[in-house]
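Participant: Coordinates in entry.txt, compact mmCIF, C-alpha atoms and all ligand atoms, are listed below.
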# COMPACT_ATOMS: atom_id res chain seq x y z
CA MET T 30 2.36 25.16 -18.79
CA HIS T 31 -0.88 26.99 -19.44
CA GLY T 32 -1.06 26.64 -23.21
CA TRP T 33 0.78 27.25 -26.45
CA ARG T 34 0.21 28.36 -30.03
CA GLU T 35 2.20 27.97 -33.19
CA THR T 36 3.31 31.21 -34.82
CA ALA T 37 4.73 31.80 -38.31
CA ASP T 38 8.28 31.06 -37.18
CA GLY T 39 8.00 29.09 -33.95
CA VAL T 40 5.92 28.26 -30.89
CA GLU T 41 4.80 30.60 -28.12
CA VAL T 42 4.25 28.95 -24.74
CA ARG T 43 2.37 30.54 -21.84
CA THR T 44 3.37 29.31 -18.40
CA ALA T 45 1.04 29.12 -15.40
CA ASP T 46 2.43 32.36 -13.97
CA GLY T 47 1.62 34.22 -17.19
CA THR T 48 5.13 34.28 -18.63
CA SER T 49 5.36 33.95 -22.42
CA VAL T 50 8.26 31.98 -23.94
CA LYS T 51 9.06 31.81 -27.65
CA ALA T 52 11.02 28.95 -29.19
CA ASP T 53 11.58 27.09 -32.46
CA ALA T 54 9.72 24.04 -31.19
CA LEU T 55 7.87 22.66 -28.17
CA ILE T 56 8.69 19.21 -26.77
CA GLY T 57 6.10 17.71 -24.45
CA ALA T 58 8.05 15.34 -22.20
CA ASP T 59 5.51 15.85 -19.43
CA GLY T 60 4.50 12.30 -18.68
CA VAL T 61 1.33 10.24 -18.77
CA TRP T 62 -0.93 13.20 -17.89
CA SER T 63 0.75 15.46 -20.48
CA ALA T 64 -0.81 18.90 -20.87
CA VAL T 65 1.04 19.33 -24.17
CA ARG T 66 -0.58 16.16 -25.50
CA GLN T 67 -3.98 17.28 -24.34
CA GLN T 68 -3.76 20.43 -26.42
CA LEU T 69 -2.01 18.72 -29.36
CA LEU T 70 -4.25 15.67 -29.78
CA GLY T 71 -7.26 16.47 -27.60
CA ASP T 72 -7.80 12.77 -26.96
CA ALA T 73 -9.16 11.07 -23.84
CA PRO T 74 -6.93 10.80 -20.75
CA ALA T 75 -4.79 7.69 -20.34
CA ARG T 76 -6.91 4.65 -19.47
CA PHE T 77 -6.87 2.80 -16.16
CA THR T 78 -5.50 -0.69 -16.84
CA GLY T 79 -7.34 -2.36 -13.96
CA HIS T 80 -3.95 -3.10 -12.42
CA LEU T 81 -2.47 -1.73 -9.22
CA ALA T 82 1.26 -1.70 -8.48
CA TYR T 83 2.29 -2.05 -4.83
CA ARG T 84 5.90 -0.98 -4.37
CA ALA T 85 8.29 -1.22 -1.43
CA LEU T 86 11.93 -0.97 -0.47
CA VAL T 87 13.09 -3.14 2.40
CA ALA T 88 16.49 -3.27 4.08
CA GLN T 89 17.75 -6.83 3.60
CA ALA T 90 19.21 -6.71 7.11
CA ASP T 91 15.64 -6.40 8.44
CA LEU T 92 14.56 -9.59 6.68
CA PRO T 93 15.01 -13.10 8.04
CA ALA T 94 17.96 -14.77 6.28
CA HIS T 95 15.79 -17.03 4.10
CA LEU T 96 13.94 -14.03 2.61
CA ARG T 97 17.06 -12.11 1.58
CA SER T 98 17.85 -12.27 -2.13
CA ASP T 99 20.66 -11.35 -4.50
CA GLN T 100 18.68 -12.27 -7.60
CA VAL T 101 16.22 -10.62 -9.93
CA THR T 102 13.13 -12.74 -9.28
CA VAL T 103 9.73 -12.79 -10.99
CA TRP T 104 6.73 -14.62 -9.55
CA MET T 105 3.73 -15.17 -11.79
CA GLY T 106 0.25 -16.31 -10.87
CA PRO T 107 -3.44 -15.86 -11.65
CA ARG T 108 -4.13 -12.11 -12.06
CA LEU T 109 -0.85 -11.11 -10.40
CA HIS T 110 2.88 -11.00 -10.64
CA VAL T 111 5.65 -9.91 -8.31
CA VAL T 112 9.15 -8.73 -9.15
CA HIS T 113 11.92 -8.23 -6.62
CA TYR T 114 15.57 -7.47 -6.98
CA PRO T 115 18.47 -6.17 -4.88
CA VAL T 116 19.46 -2.50 -5.09
CA ARG T 117 22.12 -0.31 -3.45
CA SER T 118 24.87 -2.97 -3.62
CA GLY T 119 22.43 -5.58 -2.37
CA GLN T 120 21.65 -3.80 0.91
CA TRP T 121 18.02 -3.20 -0.02
CA LEU T 122 15.38 -5.25 -1.78
CA ASN T 123 13.05 -3.51 -4.21
CA LEU T 124 9.65 -5.18 -4.55
CA VAL T 125 6.82 -4.53 -6.98
CA ALA T 126 3.60 -6.54 -6.70
CA ILE T 127 1.01 -6.10 -9.46
CA VAL T 128 -2.59 -7.14 -8.78
CA HIS T 129 -5.95 -6.53 -10.40
CA GLY T 130 -8.25 -4.06 -8.67
CA SER T 131 -10.72 -1.25 -9.11
CA LYS T 132 -9.77 2.33 -9.88
CA PRO T 133 -8.94 4.15 -6.66
CA ASP T 134 -9.92 7.72 -5.86
CA GLN T 135 -7.24 10.15 -7.04
CA ALA T 136 -6.12 7.56 -9.58
CA GLN T 137 -3.54 9.95 -11.04
CA GLU T 138 -1.65 9.98 -7.72
CA TRP T 139 1.28 7.60 -8.13
CA ASP T 140 2.38 7.46 -4.51
CA GLN T 141 -0.63 6.49 -2.39
CA ALA T 142 -0.31 4.52 0.83
CA GLY T 143 -0.88 0.82 0.22
CA HIS T 144 -1.78 -1.65 2.93
CA THR T 145 -0.40 -5.16 3.24
CA GLN T 146 -3.84 -6.52 4.11
CA ALA T 147 -5.40 -5.06 0.93
CA LEU T 148 -2.54 -6.45 -1.14
CA MET T 149 -2.92 -9.91 0.36
CA GLN T 150 -6.67 -9.80 -0.21
CA ALA T 151 -6.19 -8.87 -3.87
CA MET T 152 -3.62 -11.65 -4.31
CA GLY T 153 -5.73 -14.46 -2.93
CA ALA T 154 -3.99 -17.72 -2.05
CA VAL T 155 -0.28 -17.73 -2.83
CA GLY T 156 2.50 -20.07 -1.76
CA ARG T 157 4.04 -19.73 1.71
CA ASP T 158 7.37 -18.32 0.50
CA LEU T 159 5.79 -15.48 -1.45
CA HIS T 160 3.19 -14.81 1.23
CA GLU T 161 5.87 -14.55 3.88
CA ARG T 162 7.98 -12.28 1.70
CA LEU T 163 5.14 -9.84 1.04
CA ALA T 164 3.80 -9.97 4.59
CA SER T 165 7.26 -8.99 5.88
CA VAL T 166 7.00 -5.57 4.20
CA PRO T 167 5.89 -2.91 6.68
CA ASP T 168 5.05 -0.11 4.25
CA TRP T 169 3.73 -0.28 0.67
CA ARG T 170 3.12 2.54 -1.81
CA ARG T 171 0.29 2.01 -4.30
CA TRP T 172 0.24 3.19 -7.92
CA ALA T 173 -2.80 2.75 -10.20
CA LEU T 174 -1.35 1.86 -13.62
CA HIS T 175 -2.52 3.70 -16.73
CA ASP T 176 -1.60 3.28 -20.36
CA ARG T 177 -2.82 4.01 -23.87
CA ALA T 178 -3.52 1.79 -26.86
CA PRO T 179 -0.42 1.32 -29.02
CA MET T 180 0.31 4.34 -31.19
CA ALA T 181 -1.38 4.39 -34.58
CA GLY T 182 0.97 6.68 -36.49
CA PRO T 183 3.58 9.46 -36.40
CA HIS T 184 0.84 12.09 -35.97
CA GLU T 185 0.58 10.91 -32.33
CA MET T 186 4.18 12.05 -31.75
CA VAL T 187 4.52 15.20 -33.84
CA GLN T 188 2.37 17.83 -35.44
CA GLY T 189 4.04 20.89 -36.93
CA ARG T 190 6.54 22.26 -34.44
CA VAL T 191 5.20 20.37 -31.45
CA ALA T 192 6.52 16.93 -30.45
CA LEU T 193 5.77 14.44 -27.69
CA LEU T 194 8.41 12.28 -26.02
CA GLY T 195 8.28 9.37 -23.56
CA ASP T 196 5.12 8.66 -21.59
CA ALA T 197 3.45 11.78 -22.99
CA ALA T 198 3.42 10.01 -26.36
CA HIS T 199 3.26 6.31 -25.48
CA PRO T 200 2.52 5.44 -21.84
CA MET T 201 2.82 1.69 -21.46
CA ARG T 202 2.35 -1.05 -18.90
CA PRO T 203 5.60 -1.74 -17.08
CA TYR T 204 5.62 -5.48 -17.99
CA LEU T 205 8.49 -5.17 -20.40
CA ALA T 206 10.33 -2.63 -18.20
CA GLN T 207 10.69 -0.31 -21.18
CA GLY T 208 8.83 2.96 -20.50
CA ALA T 209 11.92 4.89 -19.46
CA GLY T 210 14.02 2.96 -21.98
CA MET T 211 11.78 4.11 -24.83
CA ALA T 212 11.83 7.69 -23.51
CA ILE T 213 15.63 7.61 -23.62
CA GLU T 214 15.59 6.17 -27.13
CA ASP T 215 13.15 8.92 -28.15
CA ALA T 216 15.55 11.52 -26.78
CA GLN T 217 18.47 10.04 -28.72
CA ALA T 218 16.48 9.94 -31.98
CA PHE T 219 15.24 13.45 -31.34
CA ALA T 220 18.76 14.82 -30.88
CA GLN T 221 19.88 13.09 -34.08
CA SER T 222 16.94 14.46 -36.08
CA LEU T 223 17.70 17.99 -34.94
CA SER T 224 21.21 17.77 -36.32
CA ALA T 225 19.93 16.86 -39.81
CA GLY T 226 21.44 19.39 -42.26
CA ASP T 227 19.14 21.63 -44.28
CA ALA T 228 15.77 20.42 -43.01
CA THR T 229 13.30 22.81 -41.42
CA VAL T 230 12.41 22.36 -37.76
CA ALA T 231 9.05 20.83 -38.70
CA GLU T 232 10.79 18.39 -41.05
CA GLN T 233 13.31 17.46 -38.37
CA LEU T 234 10.51 16.74 -35.93
CA GLN T 235 8.66 14.71 -38.54
CA THR T 236 11.79 12.59 -39.09
CA TYR T 237 11.89 11.92 -35.35
CA ALA T 238 8.25 10.80 -35.33
CA GLU T 239 8.70 8.57 -38.39
CA GLN T 240 11.70 6.91 -36.77
CA ARG T 241 10.13 6.27 -33.41
CA TRP T 242 6.40 5.67 -33.55
CA ALA T 243 6.30 2.07 -34.85
CA ARG T 244 8.90 0.78 -32.38
CA ASN T 245 7.10 2.49 -29.52
CA ALA T 246 3.79 0.98 -30.67
CA ARG T 247 5.36 -2.47 -30.84
CA VAL T 248 6.76 -2.17 -27.32
CA GLN T 249 3.40 -0.93 -26.00
CA ALA T 250 1.67 -3.95 -27.56
CA ARG T 251 4.27 -6.39 -26.27
CA ALA T 252 3.95 -4.98 -22.74
CA ILE T 253 0.18 -5.61 -22.83
CA ARG T 254 0.79 -9.16 -24.08
CA ASN T 255 3.38 -9.81 -21.37
CA GLY T 256 0.85 -8.79 -18.72
CA ARG T 257 -1.67 -11.30 -20.10
CA ILE T 258 0.93 -14.07 -19.99
CA PHE T 259 2.23 -13.12 -16.54
CA HIS T 260 -1.30 -13.10 -15.08
CA ALA T 261 -2.67 -16.06 -17.02
CA THR T 262 -4.79 -18.93 -15.73
CA GLY T 263 -5.57 -22.34 -17.23
CA PRO T 264 -3.83 -23.65 -20.36
CA VAL T 265 -1.97 -20.39 -21.03
CA ALA T 266 -0.45 -20.49 -17.53
CA TRP T 267 0.45 -24.13 -18.04
CA GLY T 268 2.20 -23.35 -21.36
CA ARG T 269 3.99 -20.39 -19.79
CA ASN T 270 5.30 -22.48 -16.90
CA LEU T 271 6.46 -25.21 -19.25
CA SER T 272 8.31 -22.69 -21.45
CA MET T 273 10.02 -21.22 -18.41
CA ARG T 274 11.15 -24.65 -17.27
CA LEU T 275 12.47 -25.55 -20.70
CA LEU T 276 14.02 -22.22 -21.69
CA GLY T 277 14.88 -20.59 -18.37
CA GLU T 278 15.69 -16.89 -18.60
CA ARG T 279 15.88 -17.10 -22.41
CA VAL T 280 12.08 -17.06 -22.39
CA MET T 281 12.25 -13.38 -21.41
CA ASP T 282 14.56 -12.39 -24.22
CA VAL T 283 13.13 -10.17 -26.96
CA PRO T 284 15.80 -10.03 -29.68
CA TRP T 285 14.12 -7.34 -31.78
CA LEU T 286 13.98 -5.13 -28.69
CA TYR T 287 17.41 -5.68 -27.24
CA SER T 288 19.03 -6.28 -30.65
CA GLY T 289 21.38 -8.91 -29.32
CA GLY T 290 21.47 -12.30 -27.68
CA PRO T 291 20.00 -13.29 -24.32
CA ILE T 292 19.98 -10.67 -21.61
CA ALA T 293 23.37 -10.44 -19.98
CA GLY T 294 23.95 -9.42 -16.41
CA SER T 295 22.69 -10.45 -13.03
CA PRO T 296 21.28 -13.92 -12.39
CA SER T 297 17.52 -14.19 -12.55
CA THR T 298 14.91 -16.61 -11.28
CA PHE T 299 11.39 -17.29 -12.52
CA ARG T 300 9.01 -18.88 -10.11
CA ASP T 301 5.47 -20.09 -10.43
CA PHE T 302 3.27 -21.15 -7.58
CA SER T 303 3.22 -24.81 -8.52
CA SER T 304 6.94 -25.29 -7.86
C1 LIG T 401 5.57 0.35 -11.41
C2 LIG T 401 6.38 0.85 -12.59
C3 LIG T 401 7.60 0.27 -12.89
C4 LIG T 401 8.35 0.72 -13.98
N1 LIG T 401 9.54 0.11 -14.27
C5 LIG T 401 10.24 0.50 -15.36
C6 LIG T 401 11.47 -0.15 -15.68
O1 LIG T 401 11.91 -1.07 -15.01
N2 LIG T 401 12.14 0.28 -16.79
C7 LIG T 401 11.69 1.30 -17.55
O2 LIG T 401 12.34 1.64 -18.57
N3 LIG T 401 10.52 1.94 -17.27
C8 LIG T 401 9.80 1.56 -16.19
N4 LIG T 401 8.63 2.20 -15.87
C9 LIG T 401 8.14 3.27 -16.75
C10 LIG T 401 8.84 4.59 -16.49
O3 LIG T 401 8.71 4.96 -15.13
C11 LIG T 401 8.21 5.69 -17.35
O4 LIG T 401 7.98 5.20 -18.65
C12 LIG T 401 9.13 6.89 -17.42
O5 LIG T 401 9.25 7.47 -16.14
C13 LIG T 401 8.59 7.92 -18.41
O6 LIG T 401 9.46 9.01 -18.42
P1 LIG T 401 8.95 10.42 -18.92
O7 LIG T 401 10.12 11.34 -18.75
O8 LIG T 401 8.32 10.31 -20.25
O9 LIG T 401 7.77 10.82 -17.93
P2 LIG T 401 7.84 11.10 -16.35
O10 LIG T 401 8.88 10.27 -15.70
O11 LIG T 401 6.43 10.98 -15.86
O12 LIG T 401 8.33 12.60 -16.28
C14 LIG T 401 7.48 13.66 -16.67
C15 LIG T 401 7.88 14.88 -15.86
O13 LIG T 401 7.14 16.01 -16.34
C16 LIG T 401 6.72 16.76 -15.23
N5 LIG T 401 5.55 17.54 -15.62
C17 LIG T 401 4.31 17.11 -15.92
N6 LIG T 401 3.50 18.14 -16.24
C18 LIG T 401 4.25 19.25 -16.15
C19 LIG T 401 3.99 20.65 -16.36
N7 LIG T 401 2.80 21.09 -16.76
N8 LIG T 401 5.00 21.51 -16.16
C20 LIG T 401 6.23 21.08 -15.77
N9 LIG T 401 6.53 19.78 -15.57
C21 LIG T 401 5.54 18.90 -15.75
C22 LIG T 401 6.40 15.71 -14.17
O14 LIG T 401 6.40 16.28 -12.88
C23 LIG T 401 7.55 14.74 -14.37
O15 LIG T 401 8.68 15.11 -13.63
C24 LIG T 401 7.87 1.77 -14.79
C25 LIG T 401 6.64 2.38 -14.47
C26 LIG T 401 5.89 1.91 -13.40
C27 LIG T 401 4.56 2.57 -13.11
Hey, can you dump this file as structure tokens for me?
Ligand SMILES: Cc1cc2nc3c(=O)[nH]c(=O)nc-3n(C[C@H](O)[C@H](O)[C@H](O)COP(=O)(O)OP(=O)(O)OC[C@H]3O[C@@H](n4cnc5c(N)ncnc54)[C@H](O)[C@@H]3O)c2cc1C
Facilitator:
Amino acid sequence: MHGWRETADGVEVRTADGTSVKADALIGADGVWSAVRQQLLGDAPARFTGHLAYRALVAQADLPAHLRSDQVTVWMGPRLHVVHYPVRSGQWLNLVAIVHGSKPDQAQEWDQAGHTQALMQAMGAVGRDLHERLASVPDWRRWALHDRAPMAGPHEMVQGRVALLGDAAHPMRPYLAQGAGMAIEDAQAFAQSLSAGDATVAEQLQTYAEQRWARNARVQARAIRNGRIFHATGPVAWGRNLSMRLLGERVMDVPWLYSGGPIAGSPSTFRDFSS
């Protein structure tokens, strides 16, 4: 997309190849580096969080038996956490290791090569089990994580006939695993708003923004908080570990988010380095 302008009865979009497209509304679902947002709000680019995600997929058959896993597992430690879980009917293990680090060159590139040695250096001393698990991965991809401060109002989602959806509106840290979830909820609310009777297109879009912005802001804030708890040191880490021992997986439940009881589904394990 090259740019757009609102007309008396719609929006006219110019694409990069010079084509002009007219429509009733424009929806910017173009991710964290959204060009639609840039023109709509003109705010600063998404901020670097200071966190780097190292991601890998490993065939479980290639791992020694004691490193294979059929559980969703989260490790937490000072300035880091690691999540791994089985995918493709348990044949593969998906791993994500989050560490603190400086902003890399080409920080917007989400699929850079990551090196085990750099990951280990950023992690510092970790227990033997986790060290062995991470060291067994031959090939990491590195992703510099960016987010924005929680939304401040509906004007950050809609103005006139232009709306933002998903990461374009509310990029968040992945520590509540909700970025795509919120994008899907946005889409559902958006579809419902569009089917609202006599309202004009602008009014329909405004309804969408009013419905969604506060929940998105709350999830963005909770994701930031989760990161602080996951990566804590000192008394906060001690309290976190105690809560996990006492409450088990219930400690990860967020009733207002999931609108139900504890998370159902696959077994999960929380591990800290002192156990
Ligand atoms: C490490 C990590 C783990 C995550 N884990 C989870 C999780 O477990 N659960 C969860 O719910 N979320 C998770 N997320 C977040 C999730 O990936 C995002 O929130 C989600 O992908 C956002 O969807 P989106 O459609 O808004 O944006 P995107 O997925 O970024 O899609 C935007 C699309 O727009 C396209 N685009 C951009 N500009 C243009 C243009 N000018 N013209 C045409 N197309 C364009 C892009 O190519 C892209 O395809 C995670 C994120 C990270 C970084």
Participant: Using all atoms listed in the file, can you tell me which of T:Gln89, T:Gln221, T:Asn123, T:Ser49 comes closest to ligand LIG 401 (chain T)?
Facilitator: T:Asn123
Participant: Write out as a CSV table (one decimal) with C-alpha atoms, in the coordinates of the input which residues come within 12 Å of Gly143 in chain T when counting all atoms listed in the file, dropping same-chain ones fewer than 4 positions away.
Facilitator:
chain,number,residue,atom,x,y,z
T,81,LEU,CA,-2.5,-1.7,-9.2
T,82,ALA,CA,1.3,-1.7,-8.5
T,83,TYR,CA,2.3,-2.0,-4.8
T,84,ARG,CA,5.9,-1.0,-4.4
T,85,ALA,CA,8.3,-1.2,-1.4
T,125,VAL,CA,6.8,-4.5,-7.0
T,126,ALA,CA,3.6,-6.5,-6.7
T,133,PRO,CA,-8.9,4.2,-6.7
T,139,TRP,CA,1.3,7.6,-8.1
T,147,ALA,CA,-5.4,-5.1,0.9
T,148,LEU,CA,-2.5,-6.4,-1.1
T,149,MET,CA,-2.9,-9.9,0.4
T,151,ALA,CA,-6.2,-8.9,-3.9
T,166,VAL,CA,7.0,-5.6,4.2
T,167,PRO,CA,5.9,-2.9,6.7
T,168,ASP,CA,5.0,-0.1,4.2
T,169,TRP,CA,3.7,-0.3,0.7
T,170,ARG,CA,3.1,2.5,-1.8
T,171,ARG,CA,0.3,2.0,-4.3
T,172,TRP,CA,0.2,3.2,-7.9
T,173,ALA,CA,-2.8,2.8,-10.2
Participant: Within 9 Å of Glu232 in chain T, counting all atoms listed in the file, which residues show up once you throw out same-chain ones fewer than 3 positions away? Write them as a list in words, please.
Facilitator: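 Result of the neighbour search: Gly189, Arg190, Ser222, Ala228, Thr229, Gln235, Thr236 and Tyr237 of chain T.
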Participant: Could you turn the residues from that selection into a file that holds C-alpha atoms, as a tab-separated table (two decimals), in the frame of the given file?
Facilitator:
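Contents of again-v1.tsv, freshly written:
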chain	number	residue	atom	x	y	z
T	189	GLY	CA	4.04	20.89	-36.93
T	190	ARG	CA	6.54	22.26	-34.44
T	222	SER	CA	16.94	14.46	-36.08
T	228	ALA	CA	15.77	20.42	-43.01
T	229	THR	CA	13.30	22.81	-41.42
T	235	GLN	CA	8.66	14.71	-38.54
T	236	THR	CA	11.79	12.59	-39.09
T	237	TYR	CA	11.89	11.92	-35.35
Participant: Rounded to one decimal place, report the CA of Ala154 in chain T-CA of Ala250 in chain T distance in Å.
Facilitator: 29.5 Å
Participant: Write out as a tab-separated table the residues of chain T that have any atom within 10 Å of an atom of ligand LIG 401 (chain T), one row each with the nearest atom pair and its distance in Å to one decimal, counting only C-alpha atoms and all ligand atoms, sorted by chain and then rising number.
Facilitator:
residue	atom	partner	partner_atom	distance
T:Met30	CA	T:LIG401	N7	4.6
T:His31	CA	T:LIG401	N7	7.5
T:Gly32	CA	T:LIG401	N7	9.3
T:Thr44	CA	T:LIG401	N8	8.3
T:Ala45	CA	T:LIG401	N7	8.3
T:Gly57	CA	T:LIG401	O13	8.4
T:Ala58	CA	T:LIG401	O8	5.4
T:Asp59	CA	T:LIG401	O13	3.5
T:Gly60	CA	T:LIG401	O11	3.7
T:Val61	CA	T:LIG401	O11	5.9
T:Trp62	CA	T:LIG401	C17	6.8
T:Ser63	CA	T:LIG401	N6	5.7
T:Ala64	CA	T:LIG401	N7	5.9
T:Val65	CA	T:LIG401	N7	7.8
T:Leu81	CA	T:LIG401	C1	8.6
T:Ala82	CA	T:LIG401	C1	5.6
T:Tyr83	CA	T:LIG401	C1	7.7
T:Arg84	CA	T:LIG401	C1	7.2
T:Val112	CA	T:LIG401	C3	9.9
T:Leu124	CA	T:LIG401	C1	9.7
T:Val125	CA	T:LIG401	C1	6.7
T:Ala126	CA	T:LIG401	C1	8.6
T:Ile127	CA	T:LIG401	C1	8.1
T:Trp139	CA	T:LIG401	C27	7.8
T:Arg171	CA	T:LIG401	C1	9.0
T:Trp172	CA	T:LIG401	C27	6.8
T:Ala173	CA	T:LIG401	C27	7.9
T:Leu174	CA	T:LIG401	C27	6.0
T:His175	CA	T:LIG401	C27	8.0
T:Asp176	CA	T:LIG401	C27	9.5
T:Leu193	CA	T:LIG401	O8	8.9
T:Leu194	CA	T:LIG401	O8	6.1
T:Gly195	CA	T:LIG401	O8	3.4
T:Asp196	CA	T:LIG401	O8	3.8
T:Ala197	CA	T:LIG401	O8	5.8
T:Ala198	CA	T:LIG401	O8	7.8
T:His199	CA	T:LIG401	O8	8.3
T:Pro200	CA	T:LIG401	O4	6.3
T:Met201	CA	T:LIG401	O4	6.8
T:Arg202	CA	T:LIG401	C25	7.1
T:Pro203	CA	T:LIG401	C24	4.8
T:Tyr204	CA	T:LIG401	N1	7.8
T:Leu205	CA	T:LIG401	N2	7.5
T:Ala206	CA	T:LIG401	N2	3.7
T:Gln207	CA	T:LIG401	O2	3.7
T:Gly208	CA	T:LIG401	O4	3.0
T:Ala209	CA	T:LIG401	O2	3.4
T:Gly210	CA	T:LIG401	O2	4.0
T:Met211	CA	T:LIG401	O2	6.8
T:Ala212	CA	T:LIG401	O8	5.5
T:Ile213	CA	T:LIG401	O6	8.2
T:Asp215	CA	T:LIG401	O8	9.4
T:Ala216	CA	T:LIG401	O7	9.7
Participant: Give me, as a PyMOL selection string, all polymer residues having an atom no more than 9 Å from Phe259 in chain T, counting all atoms listed in the file and skipping those fewer than 4 positions away in the same chain.
Facilitator: chain T and resi 104-110+204+254-255+266+269
Participant: Just write the chosen residues, C-alpha atoms, as a PDB file, in the frame of the given file.
Facilitator:
ATOM      1  CA  TRP T 104       6.730 -14.620  -9.550  1.00  0.00           C
ATOM      2  CA  MET T 105       3.730 -15.170 -11.790  1.00  0.00           C
ATOM      3  CA  GLY T 106       0.250 -16.310 -10.870  1.00  0.00           C
ATOM      4  CA  PRO T 107      -3.440 -15.860 -11.650  1.00  0.00           C
ATOM      5  CA  ARG T 108      -4.130 -12.110 -12.060  1.00  0.00           C
ATOM      6  CA  LEU T 109      -0.850 -11.110 -10.400  1.00  0.00           C
ATOM      7  CA  HIS T 110       2.880 -11.000 -10.640  1.00  0.00           C
ATOM      8  CA  TYR T 204       5.620  -5.480 -17.990  1.00  0.00           C
ATOM      9  CA  ARG T 254       0.790  -9.160 -24.080  1.00  0.00           C
ATOM     10  CA  ASN T 255       3.380  -9.810 -21.370  1.00  0.00           C
ATOM     11  CA  ALA T 266      -0.450 -20.490 -17.530  1.00  0.00           C
ATOM     12  CA  ARG T 269       3.990 -20.390 -19.790  1.00  0.00           C
TER      13      ARG T 269
END
Participant: Between CA of Ala52 in chain T and CA of Trp33 in chain T, what is the distance, to one decimal in Å?
Facilitator: 10.7 Å
Participant: Using Å and a single decimal, report how far CA of Leu163 in chain T sits from CA of Gly119 in chain T.
Facilitator: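 Between these atoms lies a distance of 18.1 Å.
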Participant: Counting all atoms listed in the file, what is within 12 Å of Glu35 in chain T, bar same-chain residues fewer than 3 positions away, as a compact mmCIF listing (two decimals) with C-alpha atoms, in the frame of the given file?
Facilitator:
# COMPACT_ATOMS: atom_id res chain seq x y z
CA GLY T 32 -1.06 26.64 -23.21
CA ASP T 38 8.28 31.06 -37.18
CA GLY T 39 8.00 29.09 -33.95
CA VAL T 40 5.92 28.26 -30.89
CA GLU T 41 4.80 30.60 -28.12
CA VAL T 42 4.25 28.95 -24.74
CA ARG T 43 2.37 30.54 -21.84
CA VAL T 50 8.26 31.98 -23.94
CA LYS T 51 9.06 31.81 -27.65
CA ALA T 52 11.02 28.95 -29.19
CA ASP T 53 11.58 27.09 -32.46
CA ALA T 54 9.72 24.04 -31.19
CA LEU T 55 7.87 22.66 -28.17
CA GLN T 68 -3.76 20.43 -26.42
CA LEU T 69 -2.01 18.72 -29.36
CA GLN T 188 2.37 17.83 -35.44
CA GLY T 189 4.04 20.89 -36.93
CA ARG T 190 6.54 22.26 -34.44
CA VAL T 191 5.20 20.37 -31.45
CA ALA T 231 9.05 20.83 -38.70
Participant: Output, as lines of an AutoDock Vina configuration file, the centre and edge lengths in Å (one decimal) of the axis-aligned box that contains all listed atoms of range 229-244 of chain T with 4 Å of margin on each side.
Facilitator:
center_x = 9.8
center_y = 11.8
center_z = -36.9
size_x = 15.0
size_y = 30.0
size_z = 17.0
Participant: Determine, counting all atoms listed in the file, every residue of protein, DNA or RNA that lies within 6 Å of (18.5, -8.6, -2.9) in the file coordinates, then give the result as a PyMOL selection string.
Facilitator: chain T and resi 97-100+114-115+119+122
Participant: Counting all atoms listed in the file, which of T:Arg279, T:Arg76, T:Arg274, T:His144 gets nearest to Ala164 in chain T?
Facilitator: T:His144
Participant: Let me make sure I understand: among T:Ala225, T:Gly153, T:Glu214, T:Arg241, which one has the smallest atom-to-atom distance to Gly182 in chain T if we use only C-alpha atoms?
Facilitator: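 Checking each candidate against Gly182 in chain T, we get T:Arg241 as the closest.
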Participant: Counting only C-alpha atoms, which residue out of T:Gln67, T:Thr262, T:Ser288, T:Asn245 sits closest to Ala178 in chain T?
Facilitator: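 Checking each candidate against Ala178 in chain T, we get T:Asn245 as the closest.
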Participant: Taking (-2.0, 10.3, -32.0) in the file's coordinates as the center, which residues reach within 9 Å of it, counting only C-alpha atoms, put as a ChimeraX atom specification?
Facilitator: /T:66,69-70,72,180-187,198
Participant: Please, could you write that set of residues out with C-alpha atoms as a PDB file, in the frame of the given file?
Facilitator:
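Saved as selection-v9.pdb:
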ATOM      1  CA  ARG T  66      -0.580  16.160 -25.500  1.00  0.00           C
ATOM      2  CA  LEU T  69      -2.010  18.720 -29.360  1.00  0.00           C
ATOM      3  CA  LEU T  70      -4.250  15.670 -29.780  1.00  0.00           C
ATOM      4  CA  ASP T  72      -7.800  12.770 -26.960  1.00  0.00           C
ATOM      5  CA  MET T 180       0.310   4.340 -31.190  1.00  0.00           C
ATOM      6  CA  ALA T 181      -1.380   4.390 -34.580  1.00  0.00           C
ATOM      7  CA  GLY T 182       0.970   6.680 -36.490  1.00  0.00           C
ATOM      8  CA  PRO T 183       3.580   9.460 -36.400  1.00  0.00           C
ATOM      9  CA  HIS T 184       0.840  12.090 -35.970  1.00  0.00           C
ATOM     10  CA  GLU T 185       0.580  10.910 -32.330  1.00  0.00           C
ATOM     11  CA  MET T 186       4.180  12.050 -31.750  1.00  0.00           C
ATOM     12  CA  VAL T 187       4.520  15.200 -33.840  1.00  0.00           C
ATOM     13  CA  ALA T 198       3.420  10.010 -26.360  1.00  0.00           C
TER      14      ALA T 198
END
